[in-house]
>>> print(open('work-v2.cif').read())   # mmCIF, C-alpha atoms
data_my_file
#
loop_
_atom_site.group_PDB
_atom_site.id
_atom_site.type_symbol
_atom_site.label_atom_id
_atom_site.label_comp_id
_atom_site.auth_asym_id
_atom_site.auth_seq_id
_atom_site.Cartn_x
_atom_site.Cartn_y
_atom_site.Cartn_z
ATOM 1 C CA MET V 679 91.484 180.769 130.398
ATOM 2 C CA ALA V 680 93.934 178.123 129.167
ATOM 3 C CA ASP V 681 95.243 177.598 132.717
ATOM 4 C CA GLU V 682 91.700 177.123 133.973
ATOM 5 C CA LEU V 683 91.124 174.467 131.327
ATOM 6 C CA LYS V 684 94.407 172.731 132.069
ATOM 7 C CA LEU V 685 93.853 172.496 135.808
ATOM 8 C CA PRO V 686 90.899 170.075 135.662
ATOM 9 C CA LEU V 687 92.783 167.879 133.161
ATOM 10 C CA THR V 688 95.881 167.944 135.374
ATOM 11 C CA GLY V 689 93.764 167.041 138.363
ATOM 12 C CA HIS V 690 92.198 164.103 136.502
ATOM 13 C CA LEU V 691 95.596 162.837 135.387
ATOM 14 C CA GLU V 692 96.941 163.116 138.926
ATOM 15 C CA GLU V 693 93.919 161.229 140.260
ATOM 16 C CA LEU V 694 94.351 158.558 137.583
ATOM 17 C CA ARG V 695 98.034 158.184 138.438
ATOM 18 C CA LYS V 696 97.170 157.809 142.116
ATOM 19 C CA ARG V 697 94.582 155.100 141.451
ATOM 20 C CA LEU V 698 96.928 153.242 139.086
ATOM 21 C CA VAL V 699 99.763 153.322 141.626
ATOM 22 C CA ILE V 700 97.515 151.876 144.331
ATOM 23 C CA SER V 701 96.145 149.184 141.976
ATOM 24 C CA VAL V 702 99.572 148.158 140.686
ATOM 25 C CA SER V 703 100.943 148.115 144.234
ATOM 26 C CA ALA V 704 98.105 145.850 145.364
ATOM 27 C CA VAL V 705 98.755 143.460 142.461
ATOM 28 C CA ALA V 706 102.505 143.518 143.198
ATOM 29 C CA VAL V 707 101.965 142.636 146.871
ATOM 30 C CA THR V 708 99.522 139.798 146.123
ATOM 31 C CA PHE V 709 101.853 138.602 143.333
ATOM 32 C CA LEU V 710 104.776 138.299 145.752
ATOM 33 C CA ILE V 711 102.628 136.545 148.349
ATOM 34 C CA SER V 712 101.243 134.182 145.699
ATOM 35 C CA TYR V 713 104.723 133.374 144.432
ATOM 36 C CA GLY V 714 105.704 132.419 147.962
ATOM 37 C CA PHE V 715 102.900 129.835 147.914
ATOM 38 C CA LYS V 716 103.219 128.959 144.226
ATOM 39 C CA GLU V 717 103.513 125.206 144.709
ATOM 40 C CA GLU V 718 100.532 125.036 147.071
ATOM 41 C CA ILE V 719 98.410 127.129 144.676
ATOM 42 C CA PHE V 720 99.436 124.993 141.723
ATOM 43 C CA LYS V 721 98.585 121.782 143.589
ATOM 44 C CA ILE V 722 95.096 123.129 144.292
ATOM 45 C CA LEU V 723 94.694 124.243 140.678
ATOM 46 C CA THR V 724 95.736 120.832 139.310
ATOM 47 C CA ILE V 725 93.310 118.781 141.418
ATOM 48 C CA PRO V 726 90.657 118.628 138.623
ATOM 49 C CA LEU V 727 93.261 117.137 136.265
ATOM 50 C CA ILE V 728 95.156 114.880 138.697
ATOM 51 C CA SER V 729 91.886 113.381 139.934
ATOM 52 C CA GLN V 730 91.145 112.134 136.404
ATOM 53 C CA MET V 731 94.652 110.884 135.552
ATOM 54 C CA PRO V 732 95.884 107.309 136.190
ATOM 55 C CA LEU V 733 97.230 106.722 139.686
ATOM 56 C CA GLY V 734 100.818 107.927 140.031
ATOM 57 C CA SER V 735 100.678 110.195 136.957
ATOM 58 C CA THR V 736 102.129 113.694 137.165
ATOM 59 C CA LEU V 737 102.508 116.793 135.027
ATOM 60 C CA VAL V 738 105.792 117.416 133.199
ATOM 61 C CA PHE V 739 107.692 120.392 131.820
ATOM 62 C CA THR V 740 109.323 120.036 128.431
ATOM 63 C CA SER V 741 111.851 122.882 128.563
ATOM 64 C CA VAL V 742 114.348 123.973 131.199
ATOM 65 C CA ALA V 743 112.628 127.299 131.931
ATOM 66 C CA GLU V 744 109.012 126.154 131.531
ATOM 67 C CA ALA V 745 108.410 125.471 135.235
ATOM 68 C CA PHE V 746 109.896 128.825 136.269
ATOM 69 C CA PHE V 747 107.806 130.876 133.828
ATOM 70 C CA THR V 748 104.693 128.811 134.555
ATOM 71 C CA TYR V 749 104.984 129.597 138.258
ATOM 72 C CA LEU V 750 105.491 133.282 137.404
ATOM 73 C CA LYS V 751 102.313 133.337 135.299
ATOM 74 C CA LEU V 752 100.427 131.468 138.001
ATOM 75 C CA ALA V 753 101.550 133.952 140.669
ATOM 76 C CA LEU V 754 100.546 136.869 138.426
ATOM 77 C CA PHE V 755 97.128 135.343 137.704
ATOM 78 C CA SER V 756 96.619 134.664 141.413
ATOM 79 C CA GLY V 757 97.845 138.141 142.341
ATOM 80 C CA ILE V 758 95.407 139.841 139.968
ATOM 81 C CA PHE V 759 92.583 137.621 141.224
ATOM 82 C CA PHE V 760 93.160 138.438 144.901
ATOM 83 C CA ALA V 761 93.868 142.123 144.230
ATOM 84 C CA SER V 762 90.806 142.605 142.020
ATOM 85 C CA PRO V 763 88.599 143.991 144.858
ATOM 86 C CA VAL V 764 91.186 146.732 145.434
ATOM 87 C CA VAL V 765 91.448 147.415 141.694
ATOM 88 C CA LEU V 766 87.653 147.605 141.333
ATOM 89 C CA PHE V 767 87.419 149.949 144.310
ATOM 90 C CA GLN V 768 90.080 152.240 142.816
ATOM 91 C CA LEU V 769 88.204 152.222 139.517
ATOM 92 C CA TRP V 770 85.053 153.197 141.371
ATOM 93 C CA MET V 771 86.838 156.012 143.220
ATOM 94 C CA PHE V 772 88.106 157.399 139.907
ATOM 95 C CA VAL V 773 84.816 157.350 137.972
ATOM 96 C CA ALA V 774 82.409 158.115 140.858
ATOM 97 C CA PRO V 775 82.830 161.936 140.762
ATOM 98 C CA GLY V 776 81.730 161.975 137.113
ATOM 99 C CA LEU V 777 78.566 159.918 137.652
ATOM 100 C CA TYR V 778 75.063 161.147 138.345
ATOM 101 C CA GLU V 779 73.540 160.382 141.718
ATOM 102 C CA ASN V 780 71.271 157.635 140.351
ATOM 103 C CA GLU V 781 74.258 156.057 138.549
ATOM 104 C CA ARG V 782 76.413 156.095 141.697
ATOM 105 C CA LYS V 783 73.561 154.455 143.585
ATOM 106 C CA TYR V 784 73.729 151.355 141.392
ATOM 107 C CA THR V 785 77.453 151.167 140.644
ATOM 108 C CA VAL V 786 78.629 149.887 144.037
ATOM 109 C CA PRO V 787 76.017 147.081 144.235
ATOM 110 C CA PHE V 788 76.900 146.220 140.640
ATOM 111 C CA LEU V 789 80.616 145.892 141.420
ATOM 112 C CA VAL V 790 79.920 143.756 144.497
ATOM 113 C CA CYS V 791 77.485 141.509 142.629
ATOM 114 C CA ALA V 792 79.805 141.256 139.621
ATOM 115 C CA TYR V 793 82.682 140.066 141.786
ATOM 116 C CA PHE V 794 80.394 137.650 143.651
ATOM 117 C CA PHE V 795 79.072 136.113 140.424
ATOM 118 C CA PHE V 796 82.624 135.928 139.057
ATOM 119 C CA LEU V 797 83.635 133.860 142.078
ATOM 120 C CA ILE V 798 80.580 131.623 141.670
ATOM 121 C CA GLY V 799 81.385 131.068 138.003
ATOM 122 C CA SER V 800 85.033 130.262 138.701
ATOM 123 C CA VAL V 801 84.143 127.822 141.502
ATOM 124 C CA PHE V 802 81.547 126.140 139.285
ATOM 125 C CA CYS V 803 84.139 125.750 136.541
ATOM 126 C CA TYR V 804 86.701 124.365 138.997
ATOM 127 C CA LYS V 805 84.318 121.906 140.650
ATOM 128 C CA VAL V 806 82.185 120.783 137.707
ATOM 129 C CA ILE V 807 83.502 121.797 134.288
ATOM 130 C CA LEU V 808 87.241 121.111 134.578
ATOM 131 C CA PRO V 809 86.924 117.559 135.969
ATOM 132 C CA ASN V 810 84.458 116.605 133.223
ATOM 133 C CA ILE V 811 86.564 118.207 130.487
ATOM 134 C CA PHE V 812 89.697 116.358 131.590
ATOM 135 C CA LYS V 813 87.762 113.119 132.037
ATOM 136 C CA PHE V 814 86.682 113.371 128.413
ATOM 137 C CA LEU V 815 90.095 114.389 127.080
ATOM 138 C CA LEU V 816 91.947 111.703 129.029
ATOM 139 C CA SER V 817 89.546 109.032 127.822
ATOM 140 C CA TYR V 818 91.682 108.858 124.662
ATOM 141 C CA SER V 819 94.607 107.396 126.619
ATOM 142 C CA SER V 820 95.410 103.722 126.029
ATOM 143 C CA ASP V 821 98.249 101.214 126.203
ATOM 144 C CA ILE V 822 100.003 103.016 123.367
ATOM 145 C CA LEU V 823 98.911 106.562 124.311
ATOM 146 C CA LYS V 824 100.071 107.851 127.685
ATOM 147 C CA PRO V 825 98.977 111.302 128.872
ATOM 148 C CA LEU V 826 101.890 113.602 129.737
ATOM 149 C CA PRO V 827 100.313 117.050 130.151
ATOM 150 C CA SER V 828 102.777 119.908 130.569
ATOM 151 C CA LEU V 829 102.628 122.578 133.257
ATOM 152 C CA ASN V 830 102.287 125.497 130.854
ATOM 153 C CA GLU V 831 99.570 123.922 128.699
ATOM 154 C CA TYR V 832 97.493 122.980 131.714
ATOM 155 C CA LEU V 833 97.834 126.410 133.307
ATOM 156 C CA SER V 834 96.853 128.164 130.069
ATOM 157 C CA LEU V 835 93.762 125.992 129.562
ATOM 158 C CA SER V 836 92.544 125.990 133.161
ATOM 159 C CA THR V 837 92.998 129.725 133.790
ATOM 160 C CA LYS V 838 91.337 130.532 130.456
ATOM 161 C CA LEU V 839 88.284 128.457 131.359
ATOM 162 C CA LEU V 840 88.132 129.857 134.905
ATOM 163 C CA LEU V 841 88.208 133.376 133.466
ATOM 164 C CA ILE V 842 85.578 132.625 130.805
ATOM 165 C CA PHE V 843 83.148 131.084 133.285
ATOM 166 C CA GLY V 844 83.742 133.872 135.779
ATOM 167 C CA ILE V 845 82.889 136.482 133.143
ATOM 168 C CA ILE V 846 79.858 134.557 131.846
ATOM 169 C CA PHE V 847 78.399 134.213 135.342
ATOM 170 C CA GLU V 848 78.500 138.002 135.713
ATOM 171 C CA PHE V 849 75.632 138.211 133.228
ATOM 172 C CA PRO V 850 72.911 138.714 135.909
ATOM 173 C CA ALA V 851 74.843 141.617 137.458
ATOM 174 C CA VAL V 852 75.268 143.259 134.043
ATOM 175 C CA VAL V 853 71.584 142.804 133.198
ATOM 176 C CA PHE V 854 70.577 144.216 136.598
ATOM 177 C CA LEU V 855 72.602 147.352 135.906
ATOM 178 C CA LEU V 856 71.177 147.684 132.380
ATOM 179 C CA VAL V 857 67.641 147.346 133.750
ATOM 180 C CA LYS V 858 68.248 150.028 136.355
ATOM 181 C CA LEU V 859 69.686 152.336 133.687
ATOM 182 C CA GLY V 860 66.647 151.740 131.478
ATOM 183 C CA VAL V 861 68.517 150.002 128.646
ATOM 184 C CA VAL V 862 66.547 146.712 128.821
ATOM 185 C CA ASN V 863 63.497 145.393 130.682
ATOM 186 C CA ALA V 864 61.878 142.071 131.544
ATOM 187 C CA GLU V 865 59.613 142.152 128.480
ATOM 188 C CA PHE V 866 62.591 142.630 126.161
ATOM 189 C CA LEU V 867 64.527 139.748 127.738
ATOM 190 C CA ALA V 868 61.509 137.432 127.602
ATOM 191 C CA ALA V 869 60.903 138.273 123.934
ATOM 192 C CA LYS V 870 64.529 137.440 123.077
ATOM 193 C CA ARG V 871 64.558 134.159 125.013
ATOM 194 C CA LYS V 872 64.631 131.881 121.949
ATOM 195 C CA TYR V 873 67.604 133.751 120.489
ATOM 196 C CA ALA V 874 69.356 133.588 123.860
ATOM 197 C CA VAL V 875 68.881 129.791 124.028
ATOM 198 C CA ILE V 876 70.440 129.365 120.583
ATOM 199 C CA ALA V 877 73.356 131.668 121.501
ATOM 200 C CA ILE V 878 73.933 129.803 124.786
ATOM 201 C CA PHE V 879 74.212 126.403 123.088
ATOM 202 C CA ILE V 880 76.524 127.857 120.445
ATOM 203 C CA ILE V 881 78.771 129.315 123.165
ATOM 204 C CA ALA V 882 78.739 126.003 125.044
ATOM 205 C CA ALA V 883 79.677 124.097 121.875
ATOM 206 C CA VAL V 884 82.537 126.481 121.065
ATOM 207 C CA ILE V 885 84.084 126.709 124.535
ATOM 208 C CA THR V 886 83.774 123.104 125.723
ATOM 209 C CA PRO V 887 85.093 119.893 124.129
ATOM 210 C CA PRO V 888 82.858 118.005 121.652
ATOM 211 C CA ASP V 889 81.185 116.138 124.487
ATOM 212 C CA ILE V 890 77.426 116.531 124.915
ATOM 213 C CA VAL V 891 77.576 116.012 128.689
ATOM 214 C CA THR V 892 80.146 118.779 129.213
ATOM 215 C CA GLN V 893 78.220 121.081 126.879
ATOM 216 C CA LEU V 894 75.047 120.519 128.879
ATOM 217 C CA PHE V 895 76.975 121.199 132.097
ATOM 218 C CA MET V 896 77.750 124.641 130.690
ATOM 219 C CA ALA V 897 74.525 125.392 128.815
ATOM 220 C CA GLY V 898 72.312 124.425 131.769
ATOM 221 C CA PRO V 899 73.635 127.049 134.216
ATOM 222 C CA LEU V 900 73.592 129.689 131.475
ATOM 223 C CA LEU V 901 69.919 128.993 130.766
ATOM 224 C CA ILE V 902 69.185 129.268 134.494
ATOM 225 C CA LEU V 903 71.138 132.537 134.651
ATOM 226 C CA TYR V 904 69.098 133.967 131.772
ATOM 227 C CA GLU V 905 65.848 133.111 133.522
ATOM 228 C CA LEU V 906 67.296 134.654 136.680
ATOM 229 C CA CYS V 907 67.960 137.834 134.699
ATOM 230 C CA ILE V 908 64.316 137.988 133.620
ATOM 231 C CA LEU V 909 63.201 137.450 137.225
ATOM 232 C CA LEU V 910 65.537 140.200 138.472
ATOM 233 C CA ALA V 911 64.247 142.568 135.789
ATOM 234 C CA LYS V 912 60.673 141.923 136.974
ATOM 235 C CA LEU V 913 61.484 142.252 140.674
ATOM 236 C CA PHE V 914 63.699 145.329 140.323
ATOM 237 C CA PRO V 915 62.426 147.372 137.368
ATOM 238 C CA LYS V 916 63.720 150.839 136.643
ATOM 239 C CA GLN V 917 61.977 153.369 138.853
ATOM 240 C CA LYS V 918 60.595 156.308 136.971
ATOM 241 C CA ARG V 919 61.859 159.693 138.020
ATOM 242 C CA LYS V 920 59.412 162.345 139.160
ATOM 243 C CA GLU V 921 60.179 164.355 136.036
ATOM 244 C CA ASP V 922 59.245 161.411 133.806
ATOM 245 C CA VAL V 923 56.035 160.777 135.735
ATOM 246 C CA SER V 924 55.010 164.447 135.515
ATOM 247 C CA ASP V 925 55.777 164.469 131.782
ATOM 248 C CA GLU V 926 53.589 161.399 131.262
ATOM 249 C CA ASP V 927 50.783 162.977 133.286
ATOM 250 C CA ASP V 928 51.003 166.176 131.246
ATOM 251 C CA LYS V 929 50.936 164.152 128.043
ATOM 252 C CA LYS V 930 47.830 162.238 129.186
ATOM 253 C CA GLU V 931 46.099 165.474 130.185
ATOM 254 C CA GLY V 932 46.885 166.974 126.786
ATOM 255 C CA GLU V 933 45.458 163.915 125.024
ATOM 256 C CA GLU V 934 42.287 164.034 127.130
ATOM 257 C CA GLU V 935 41.775 167.730 126.414
ATOM 258 C CA SER V 936 42.203 167.182 122.692
#
>>> encode(input="work-v2.cif", output="C-alpha cells")
Amino acid sequence: MADELKLPLTGHLEELRKRLVISVSAVAVTFLISYGFKEEIFKILTIPLISQMPLGSTLVFTSVAEAFFTYLKLALFSGIFFASPVVLFQLWMFVAPGLYENERKYTVPFLVCAYFFFLIGSVFCYKVILPNIFKFLLSYSSDILKPLPSLNEYLSLSTKLLLIFGIIFEFPAVVFLLVKLGVVNAEFLAAKRKYAVIAIFIIAAVITPPDIVTQLFMAGPLLILYELCILLAKLFPKQKRKEDVSDEDDKKEGEEES
C-alpha cells in the first residue's frame, strides 16, 4: 500500500523536475543570446531616458564592476522575458492533468491572453510612461544640477516599471478567468466600480512620480481596462452546467408545488 502511495508522488516529482529542467534551460539559452546582444538591448531600453536628456548626455557607472553586473541583470531580465512563453507552457503541462475539463478549457486562452496583455502593458509603459516620468524627473536639472544617471539605477527603475505595468494590464485576462470560474460577474464588477476608481488613482499616485500628468497617463488606461473587464463579463458570462440548470428547474418545480 505504501509503494502504491509513493508511486504517484514520485511520478509528480519526476514530472516537476522535467518541467523545471526545460524551463531553466530555455531561460539559460535566451540569457546567453541576450548577453550576446547586451549593448543593443540596453540602447533600446535607454531610449525613453536618452530622448529626454540634454544633447550629448550619457549614462555613467560609478563603480568598476557596475557595468558588468548591470549587463548581467539586463541579460537575465531579457532572457526570462523571451523564455516566458516556454515557462508558461511547461507550467500548463504540469498542472493540466490535475484540472477538470472545464478548467482546462479556459486555462490555455487565459495564458495566451495574459501574455498578450503583459506585452501591451510593457509597450505602453515603454512608449508613454517612461518618457513622461523621465521628462518630469529631469526637469529639476539646471546650471548647477547636471543629471548623471547610473546604469544600475536606470535599469532597476525601468525594469520595475515595465514589470508593474505588464502585470497590471493582465487584469482583463484575470477577470475573464474569474468570470468563467464563477467567482465574479458583471453585476459585481459594476457595483464595485466606485471603489475600483479610488484604488486605481491610489495605485497611480504611489507608482508614478508626483506629477498629475503622469498619474493620469497611468490611471486612464486602468479605468479603461476596468470597463473592459465589465464588458467582457457581460459578453462572456459563466455558462451554467446541465446539472445546475436541472437543479434550478427542480427547485422551481418544488416551489410551485408547495
>>> closest_residue(input="work-v2.cif", among="V:Cys791, V:Leu698, V:Leu909, V:Leu727", to="V:Leu835", atoms="all atoms listed in the file")
V:Leu727
>>> resolve_selection(input="work-v2.cif", expression="the PyMOL selection byres ((chain V and resi 795) around 10)", output="JSON, numbers by chain")
{"V": [789, 790, 791, 792, 793, 794, 796, 797, 798, 799, 800, 801, 843, 844, 845, 846, 847, 848, 849, 850, 851]}
>>> resolve_selection(input="work-v2.cif", expression="the PyMOL selection byres ((chain V and resi 814) around 12)", output="count of residues only")
23
>>> closest_residue(input="work-v2.cif", among="V:Ser735, V:Ser762, V:Ser701, V:Thr724", to="V:Ser836", atoms="all atoms listed in the file")
V:Thr724
>>> closest_residue(input="work-v2.cif", among="V:Leu855, V:Val702, V:Ile880, V:Leu694", to="V:Pro787", atoms="all atoms listed in the file")
V:Leu855
>>> residues_around(input="work-v2.cif", residues="V:Leu769", least_positions_apart="2", cutoff="12 Å", atoms="all atoms listed in the file", output="list in words")
Glu693, Leu694, Arg695, Lys696, Arg697, Leu698, Val699, Ile700, Ser701, Ser762, Pro763, Val764, Val765, Leu766, Phe767, Met771, Phe772, Val773, Ala774, Pro775, Gly776, Thr785, Val786 and Leu789 of chain V
>>> write_last_selection(input="work-v2.cif", atoms="C-alpha atoms", output="PDB file, in the frame of the given file")
ATOM      1  CA  GLU V 693      93.919 161.229 140.260  1.00  0.00           C
ATOM      2  CA  LEU V 694      94.351 158.558 137.583  1.00  0.00           C
ATOM      3  CA  ARG V 695      98.034 158.184 138.438  1.00  0.00           C
ATOM      4  CA  LYS V 696      97.170 157.809 142.116  1.00  0.00           C
ATOM      5  CA  ARG V 697      94.582 155.100 141.451  1.00  0.00           C
ATOM      6  CA  LEU V 698      96.928 153.242 139.086  1.00  0.00           C
ATOM      7  CA  VAL V 699      99.763 153.322 141.626  1.00  0.00           C
ATOM      8  CA  ILE V 700      97.515 151.876 144.331  1.00  0.00           C
ATOM      9  CA  SER V 701      96.145 149.184 141.976  1.00  0.00           C
ATOM     10  CA  SER V 762      90.806 142.605 142.020  1.00  0.00           C
ATOM     11  CA  PRO V 763      88.599 143.991 144.858  1.00  0.00           C
ATOM     12  CA  VAL V 764      91.186 146.732 145.434  1.00  0.00           C
ATOM     13  CA  VAL V 765      91.448 147.415 141.694  1.00  0.00           C
ATOM     14  CA  LEU V 766      87.653 147.605 141.333  1.00  0.00           C
ATOM     15  CA  PHE V 767      87.419 149.949 144.310  1.00  0.00           C
ATOM     16  CA  MET V 771      86.838 156.012 143.220  1.00  0.00           C
ATOM     17  CA  PHE V 772      88.106 157.399 139.907  1.00  0.00           C
ATOM     18  CA  VAL V 773      84.816 157.350 137.972  1.00  0.00           C
ATOM     19  CA  ALA V 774      82.409 158.115 140.858  1.00  0.00           C
ATOM     20  CA  PRO V 775      82.830 161.936 140.762  1.00  0.00           C
ATOM     21  CA  GLY V 776      81.730 161.975 137.113  1.00  0.00           C
ATOM     22  CA  THR V 785      77.453 151.167 140.644  1.00  0.00           C
ATOM     23  CA  VAL V 786      78.629 149.887 144.037  1.00  0.00           C
ATOM     24  CA  LEU V 789      80.616 145.892 141.420  1.00  0.00           C
TER      25      LEU V 789
END
>>> closest_residue(input="work-v2.cif", among="V:Tyr784, V:Phe739, V:Phe854, V:Tyr873", to="V:Phe914", atoms="only C-alpha atoms")
V:Phe854
>>> resolve_selection(input="work-v2.cif", expression="the PyMOL selection byres ((chain V and resi 705-716) around 6)", output="number ranges by chain")
V: 702-704, 717-719, 753-754, 757-758, 761
>>> residues_around(input="work-v2.cif", residues="stretch 744-748 of chain V", least_positions_apart="5", cutoff="9 Å", atoms="only C-alpha atoms", output="JSON list (two decimals) with C-alpha atoms, keeping the file's coordinate frame")
[["chain", "number", "residue", "atom", "x", "y", "z"],
["V", 738, "VAL", "CA", 105.79, 117.42, 133.20],
["V", 739, "PHE", "CA", 107.69, 120.39, 131.82],
["V", 753, "ALA", "CA", 101.55, 133.95, 140.67],
["V", 828, "SER", "CA", 102.78, 119.91, 130.57],
["V", 829, "LEU", "CA", 102.63, 122.58, 133.26],
["V", 830, "ASN", "CA", 102.29, 125.50, 130.85],
["V", 833, "LEU", "CA", 97.83, 126.41, 133.31]]
>>> atom_distance(input="work-v2.cif", atom1="atom CA of V:Met896", atom2="atom CA of V:Cys803")
8.7 Å
>>> closest_residue(input="work-v2.cif", among="V:Trp770, V:Phe879, V:Tyr904, V:Tyr804", to="V:Val853", atoms="only C-alpha atoms")
V:Tyr904
>>> atom_distance(input="work-v2.cif", atom1="atom CA of V:Leu900", atom2="atom CA of V:Arg871")
12.0 Å
>>> closest_residue(input="work-v2.cif", among="V:Leu737, V:Phe720, V:Leu859, V:Val806", to="V:Glu831", atoms="only C-alpha atoms")
V:Leu737
>>> atom_distance(input="work-v2.cif", atom1="atom CA of V:Asn863", atom2="atom CA of V:Ile881")
23.4 Å
